[in-house]
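Engineer: One structure, pasted below without further comment.
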Amino acid sequence: MRPRRRFDQRPQEPTTRINDAIRVPQIRLIGADGEQIGIKSTDEALKYAWDMNLDLVEVAPDAKPPVCRVMDYSKYKYEQEQKAKLARKHQSTITIKEIKLRPKIDPHDHATKKGHVVRFLKNRDKVKVTIMFRGREMAHTELGAKLLDRLARDLNEISQVEAAPKQDGRNMTMVLAPVKKAAKGQQSKAESG
């Protein structure tokens, strides 16, 4: 009977073979400065790498014969980690915040909600503005459309309408996105003021 694999054991990622882990009889050797040395036996290549106080790293295991390079493996691994870290740093995640309003909102409450929208837009987040209708309010959806249009007009300097007001059942939604140039303009004002 075949033994079962335990759940806590994950399949190993393919790792780069270095030094004694390379078990093929012959390899194509590339030197530390990138020049091709030629096809050598694995023992000769290991001796060559160790004489230079470097590692023998398999870079193309599928080639015939496999290609190995003489390099400082720890430095190479560190540089790969730094590249991956830099790539993650430059990724931008877009979050969508949601603000809910009612068609008969008080002017002060509207100003407060508008302040929240401004804060979200300054944090470079998109904002989904939702107006909820109840009961007889469904007969006057134009009030909700006017409210959304007014909000879009008030915030046209720092935002742009990404999705126009749209009725969806008992809700009307609109999506606002931050303007690209707004952040740069505010930074220059902050530096001069």
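Following the order of the structure tokens, chains are lettered A, B, ..., residues in each are numbered from 1, and ligands are numbered from 1.
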Quick check for you: according to DSSP on this backbone, which residues of chain A are classed as strand (DSSP E)? Reply as a PyMOL selection string.
Structural biologist: chain A and resi 26-30+36-41+55-60+67-71+96-101+126-132+159-168+171-178
Engineer: Find the residues around stretch 51-65 of chain A up to 12 Å (only C-alpha atoms counted), leave out those fewer than 5 positions away in its own chain, and share them as a ChimeraX atom specification.
Structural biologist: /A:14-33,38-46,70-77
Engineer: Kindly give the distance, in Å, that separates atom CA of A:Thr130 and atom CA of A:Glu98, rounded to a single decimal.
Structural biologist: 7.2 Å
Engineer: Name the residues of chain A that fall into helix (DSSP H, G or I) according to DSSP on the backbone, using the chain letters and numbers of this document, as a ChimeraX atom specification.
Structural biologist: /A:19-21,42-51,73-89,107-122,135-154,180-192
